[in-house]
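**Student:** Right, I'll just put the structure down here and ask away after.
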Amino acid sequence: MEYAIVEIGGTQVWVQTGQHFITNKVPLTLGTSILLKRILMIKKADQLMLGFPYLNDVSITGTVIEHLTGPKLIIYKMKSKKKYRRKKGHRQQLSKILVNELIC
């Protein structure tokens with residue numbers, strides 16, 4: 001079982017070959033290839049490689065397969081006894097990326 005931990009969109013994501021993950025929106029069109037270079041850790045066979053903070057000469061290729069929106073979040077502000085109320089909604093733009101291969 002081989003896997004990696006990658007930093008993308010300000011978050012750290014556990015990725016495996018052939019599986020997809022969802023992250024903040026990547027400004028690429030659907031079907032384009034993406035090369036991830038910020039790799040924190042890779043486990044391949046019995047070998048574990050750690051980066052300080054990132055691994056050199058290692059990359060992961062993936063494909064952007066979908067752009068979607070996250071669940072709706074309600075932001076509600078209120079100050080008691082002042083008649084101040086604000087209700088606002090937000091939906092985060094997300095991208096789904098398919099991991100093609102780990103290149104060591």
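Chain identifiers are assigned as A, B, and so on, following the order in which chains appear in the structure tokens; residues are numbered from 1 within each chain, and ligands are numbered from 1 in order of appearance.
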What's around Ile42 of chain A at 9 Å? Count only C-alpha atoms, leave out sequence neighbours fewer than 4 positions away in its own chain, and write the answer as an MDAnalysis selection string.
**Tutor:** chainID A and resid 2:6 47:51 55 58 102
**Student:** Excluding Gly70 of chain A and its own-chain neighbours fewer than 2 positions away, which residues fall within 7 Å of it when counting only C-alpha atoms? Please give them as a list in words.
**Tutor:**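 With the cut-off at 7 Å, the set is Leu68, Lys72, Arg91, Gln92, Gln93 and Leu94 of chain A.
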**Student:** Write a file of the just-selected residues containing all heavy atoms, as a JSON list (two decimals), in the first residue's frame.
**Tutor:**
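Printed below is again-v7.json as written:
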[["chain", "number", "residue", "atom", "x", "y", "z"],
["A", 68, "LEU", "N", -17.01, 21.77, -7.87],
["A", 68, "LEU", "CA", -18.27, 21.69, -7.16],
["A", 68, "LEU", "C", -18.30, 22.73, -6.05],
["A", 68, "LEU", "O", -17.31, 23.41, -5.80],
["A", 68, "LEU", "CB", -18.49, 20.28, -6.60],
["A", 68, "LEU", "CG", -17.37, 19.73, -5.73],
["A", 68, "LEU", "CD1", -17.96, 19.06, -4.50],
["A", 68, "LEU", "CD2", -16.58, 18.71, -6.52],
["A", 72, "LYS", "N", -23.77, 24.58, 2.35],
["A", 72, "LYS", "CA", -24.06, 25.96, 2.72],
["A", 72, "LYS", "C", -23.80, 26.17, 4.20],
["A", 72, "LYS", "O", -24.26, 25.40, 5.05],
["A", 72, "LYS", "CB", -25.50, 26.31, 2.38],
["A", 72, "LYS", "CG", -25.81, 27.76, 2.62],
["A", 72, "LYS", "CD", -27.04, 28.19, 1.90],
["A", 72, "LYS", "CE", -26.95, 29.66, 1.61],
["A", 72, "LYS", "NZ", -27.96, 30.12, 0.71],
["A", 91, "ARG", "N", -21.05, 29.37, 0.37],
["A", 91, "ARG", "CA", -20.76, 28.04, -0.18],
["A", 91, "ARG", "C", -19.37, 28.09, -0.79],
["A", 91, "ARG", "O", -19.12, 28.85, -1.72],
["A", 91, "ARG", "CB", -21.78, 27.63, -1.23],
["A", 91, "ARG", "CG", -23.16, 27.41, -0.63],
["A", 91, "ARG", "CD", -24.10, 26.82, -1.61],
["A", 91, "ARG", "NE", -23.75, 25.43, -1.85],
["A", 91, "ARG", "CZ", -24.44, 24.63, -2.65],
["A", 91, "ARG", "NH1", -25.48, 25.09, -3.29],
["A", 91, "ARG", "NH2", -24.08, 23.39, -2.82],
["A", 92, "GLN", "N", -18.46, 27.29, -0.27],
["A", 92, "GLN", "CA", -17.07, 27.27, -0.72],
["A", 92, "GLN", "C", -16.96, 26.58, -2.07],
["A", 92, "GLN", "O", -17.59, 25.55, -2.30],
["A", 92, "GLN", "CB", -16.21, 26.53, 0.31],
["A", 92, "GLN", "CG", -14.74, 26.52, 0.01],
["A", 92, "GLN", "CD", -14.10, 27.87, 0.16],
["A", 92, "GLN", "OE1", -14.49, 28.66, 1.02],
["A", 92, "GLN", "NE2", -13.12, 28.15, -0.65],
["A", 93, "GLN", "N", -16.15, 27.12, -2.97],
["A", 93, "GLN", "CA", -15.88, 26.51, -4.26],
["A", 93, "GLN", "C", -14.80, 25.45, -4.07],
["A", 93, "GLN", "O", -13.74, 25.73, -3.49],
["A", 93, "GLN", "CB", -15.40, 27.57, -5.26],
["A", 93, "GLN", "CG", -16.42, 28.65, -5.53],
["A", 93, "GLN", "CD", -17.64, 28.10, -6.24],
["A", 93, "GLN", "OE1", -17.53, 27.34, -7.19],
["A", 93, "GLN", "NE2", -18.80, 28.47, -5.76],
["A", 94, "LEU", "N", -15.05, 24.24, -4.57],
["A", 94, "LEU", "CA", -14.14, 23.10, -4.37],
["A", 94, "LEU", "C", -13.77, 22.46, -5.71],
["A", 94, "LEU", "O", -14.47, 22.65, -6.71],
["A", 94, "LEU", "CB", -14.80, 22.06, -3.47],
["A", 94, "LEU", "CG", -15.27, 22.53, -2.11],
["A", 94, "LEU", "CD1", -16.10, 21.45, -1.43],
["A", 94, "LEU", "CD2", -14.11, 22.92, -1.24]]
**Student:** Write out as a list in words each polymer residue whose atoms come within 7 Å of segment 22-39 of chain A, counting only C-alpha atoms; drop sequence neighbours fewer than 6 positions from it.
**Tutor:**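 Within the cut-off, the hits are Ile5, Val6, Glu7, Gly9, Tyr54, Leu55, Val58, Ser59, Ile60, Thr61, Gly62, Thr63, Val64, Ile65, Glu66, Gln93, Leu94, Ser95, Lys96 and Ile97 of chain A.
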**Student:** Now that the selection is made, can you save its residues with N, CA, C and O atoms as a PDB file, in the first residue's frame?
**Tutor:**
ATOM      1  N   ILE A   5       1.272  12.178   1.876  1.00  0.00           N
ATOM      2  CA  ILE A   5       0.599  13.322   2.489  1.00  0.00           C
ATOM      3  C   ILE A   5       1.094  14.564   1.752  1.00  0.00           C
ATOM      4  O   ILE A   5       2.299  14.810   1.665  1.00  0.00           O
ATOM      5  N   VAL A   6       0.134  15.315   1.180  1.00  0.00           N
ATOM      6  CA  VAL A   6       0.424  16.433   0.296  1.00  0.00           C
ATOM      7  C   VAL A   6      -0.193  17.697   0.873  1.00  0.00           C
ATOM      8  O   VAL A   6      -1.268  17.653   1.468  1.00  0.00           O
ATOM      9  N   GLU A   7       0.481  18.818   0.662  1.00  0.00           N
ATOM     10  CA  GLU A   7      -0.083  20.109   1.048  1.00  0.00           C
ATOM     11  C   GLU A   7      -0.620  20.787  -0.206  1.00  0.00           C
ATOM     12  O   GLU A   7       0.113  21.007  -1.164  1.00  0.00           O
ATOM     13  N   GLY A   9      -3.817  23.812  -1.298  1.00  0.00           N
ATOM     14  CA  GLY A   9      -4.911  24.691  -0.896  1.00  0.00           C
ATOM     15  C   GLY A   9      -4.908  25.034   0.577  1.00  0.00           C
ATOM     16  O   GLY A   9      -5.959  25.264   1.167  1.00  0.00           O
ATOM     17  N   TYR A  54       9.475  19.701   2.903  1.00  0.00           N
ATOM     18  CA  TYR A  54       8.995  19.007   1.713  1.00  0.00           C
ATOM     19  C   TYR A  54      10.070  18.069   1.185  1.00  0.00           C
ATOM     20  O   TYR A  54      11.265  18.263   1.403  1.00  0.00           O
ATOM     21  N   LEU A  55       9.620  17.056   0.431  1.00  0.00           N
ATOM     22  CA  LEU A  55      10.536  16.130  -0.224  1.00  0.00           C
ATOM     23  C   LEU A  55      11.006  16.712  -1.553  1.00  0.00           C
ATOM     24  O   LEU A  55      10.222  17.281  -2.297  1.00  0.00           O
ATOM     25  N   VAL A  58      10.489  14.497  -5.774  1.00  0.00           N
ATOM     26  CA  VAL A  58       9.286  13.663  -5.683  1.00  0.00           C
ATOM     27  C   VAL A  58       8.105  14.499  -6.124  1.00  0.00           C
ATOM     28  O   VAL A  58       8.008  15.675  -5.788  1.00  0.00           O
ATOM     29  N   SER A  59       7.215  13.907  -6.912  1.00  0.00           N
ATOM     30  CA  SER A  59       6.022  14.637  -7.344  1.00  0.00           C
ATOM     31  C   SER A  59       4.857  13.671  -7.506  1.00  0.00           C
ATOM     32  O   SER A  59       5.038  12.460  -7.566  1.00  0.00           O
ATOM     33  N   ILE A  60       3.680  14.236  -7.594  1.00  0.00           N
ATOM     34  CA  ILE A  60       2.454  13.457  -7.775  1.00  0.00           C
ATOM     35  C   ILE A  60       1.688  14.084  -8.930  1.00  0.00           C
ATOM     36  O   ILE A  60       1.514  15.298  -8.980  1.00  0.00           O
ATOM     37  N   THR A  61       1.250  13.256  -9.871  1.00  0.00           N
ATOM     38  CA  THR A  61       0.445  13.767 -10.980  1.00  0.00           C
ATOM     39  C   THR A  61      -1.010  13.440 -10.720  1.00  0.00           C
ATOM     40  O   THR A  61      -1.339  12.393 -10.169  1.00  0.00           O
ATOM     41  N   GLY A  62      -1.869  14.350 -11.124  1.00  0.00           N
ATOM     42  CA  GLY A  62      -3.302  14.171 -10.949  1.00  0.00           C
ATOM     43  C   GLY A  62      -4.057  14.849 -12.067  1.00  0.00           C
ATOM     44  O   GLY A  62      -3.473  15.535 -12.907  1.00  0.00           O
ATOM     45  N   THR A  63      -5.374  14.655 -12.074  1.00  0.00           N
ATOM     46  CA  THR A  63      -6.241  15.237 -13.083  1.00  0.00           C
ATOM     47  C   THR A  63      -7.422  15.890 -12.383  1.00  0.00           C
ATOM     48  O   THR A  63      -8.013  15.299 -11.476  1.00  0.00           O
ATOM     49  N   VAL A  64      -7.769  17.107 -12.809  1.00  0.00           N
ATOM     50  CA  VAL A  64      -8.941  17.787 -12.275  1.00  0.00           C
ATOM     51  C   VAL A  64     -10.170  17.168 -12.929  1.00  0.00           C
ATOM     52  O   VAL A  64     -10.323  17.220 -14.154  1.00  0.00           O
ATOM     53  N   ILE A  65     -11.047  16.537 -12.132  1.00  0.00           N
ATOM     54  CA  ILE A  65     -12.198  15.843 -12.715  1.00  0.00           C
ATOM     55  C   ILE A  65     -13.525  16.547 -12.476  1.00  0.00           C
ATOM     56  O   ILE A  65     -14.488  16.272 -13.185  1.00  0.00           O
ATOM     57  N   GLU A  66     -13.577  17.467 -11.507  1.00  0.00           N
ATOM     58  CA  GLU A  66     -14.867  18.127 -11.245  1.00  0.00           C
ATOM     59  C   GLU A  66     -14.654  19.383 -10.417  1.00  0.00           C
ATOM     60  O   GLU A  66     -13.757  19.441  -9.575  1.00  0.00           O
ATOM     61  N   GLN A  93     -16.151  27.124  -2.970  1.00  0.00           N
ATOM     62  CA  GLN A  93     -15.879  26.515  -4.265  1.00  0.00           C
ATOM     63  C   GLN A  93     -14.795  25.455  -4.074  1.00  0.00           C
ATOM     64  O   GLN A  93     -13.744  25.727  -3.489  1.00  0.00           O
ATOM     65  N   LEU A  94     -15.045  24.235  -4.569  1.00  0.00           N
ATOM     66  CA  LEU A  94     -14.143  23.104  -4.370  1.00  0.00           C
ATOM     67  C   LEU A  94     -13.771  22.464  -5.705  1.00  0.00           C
ATOM     68  O   LEU A  94     -14.466  22.649  -6.706  1.00  0.00           O
ATOM     69  N   SER A  95     -12.702  21.681  -5.700  1.00  0.00           N
ATOM     70  CA  SER A  95     -12.288  20.910  -6.863  1.00  0.00           C
ATOM     71  C   SER A  95     -12.039  19.474  -6.438  1.00  0.00           C
ATOM     72  O   SER A  95     -11.533  19.218  -5.347  1.00  0.00           O
ATOM     73  N   LYS A  96     -12.383  18.532  -7.321  1.00  0.00           N
ATOM     74  CA  LYS A  96     -12.129  17.119  -7.085  1.00  0.00           C
ATOM     75  C   LYS A  96     -10.981  16.709  -7.996  1.00  0.00           C
ATOM     76  O   LYS A  96     -11.038  16.910  -9.209  1.00  0.00           O
ATOM     77  N   ILE A  97      -9.924  16.140  -7.405  1.00  0.00           N
ATOM     78  CA  ILE A  97      -8.714  15.784  -8.146  1.00  0.00           C
ATOM     79  C   ILE A  97      -8.477  14.281  -8.021  1.00  0.00           C
ATOM     80  O   ILE A  97      -8.506  13.733  -6.923  1.00  0.00           O
TER      81      ILE A  97
END
**Student:** When you look at Met1 of chain A with a cut-off of 10 Å (counting only C-alpha atoms), what residues show up, excluding the ones that are within fewer than 3 positions of it in the same chain? I need them as a PDB file with C-alpha atoms, in the first residue's frame.
**Tutor:**
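Once everything was written out, this is part-v6.pdb:
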ATOM      1  CA  GLN A  16      -3.396   7.246  -2.775  1.00  0.00           C
ATOM      2  CA  THR A  17      -2.987   6.268  -6.417  1.00  0.00           C
ATOM      3  CA  LYS A  43       5.170   5.547   2.143  1.00  0.00           C
ATOM      4  CA  LYS A  44       6.096   3.097  -0.612  1.00  0.00           C
ATOM      5  CA  ALA A  45       6.408  -0.643   0.164  1.00  0.00           C
ATOM      6  CA  ASP A  46       8.555  -0.774   3.347  1.00  0.00           C
TER       7      ASP A  46
END
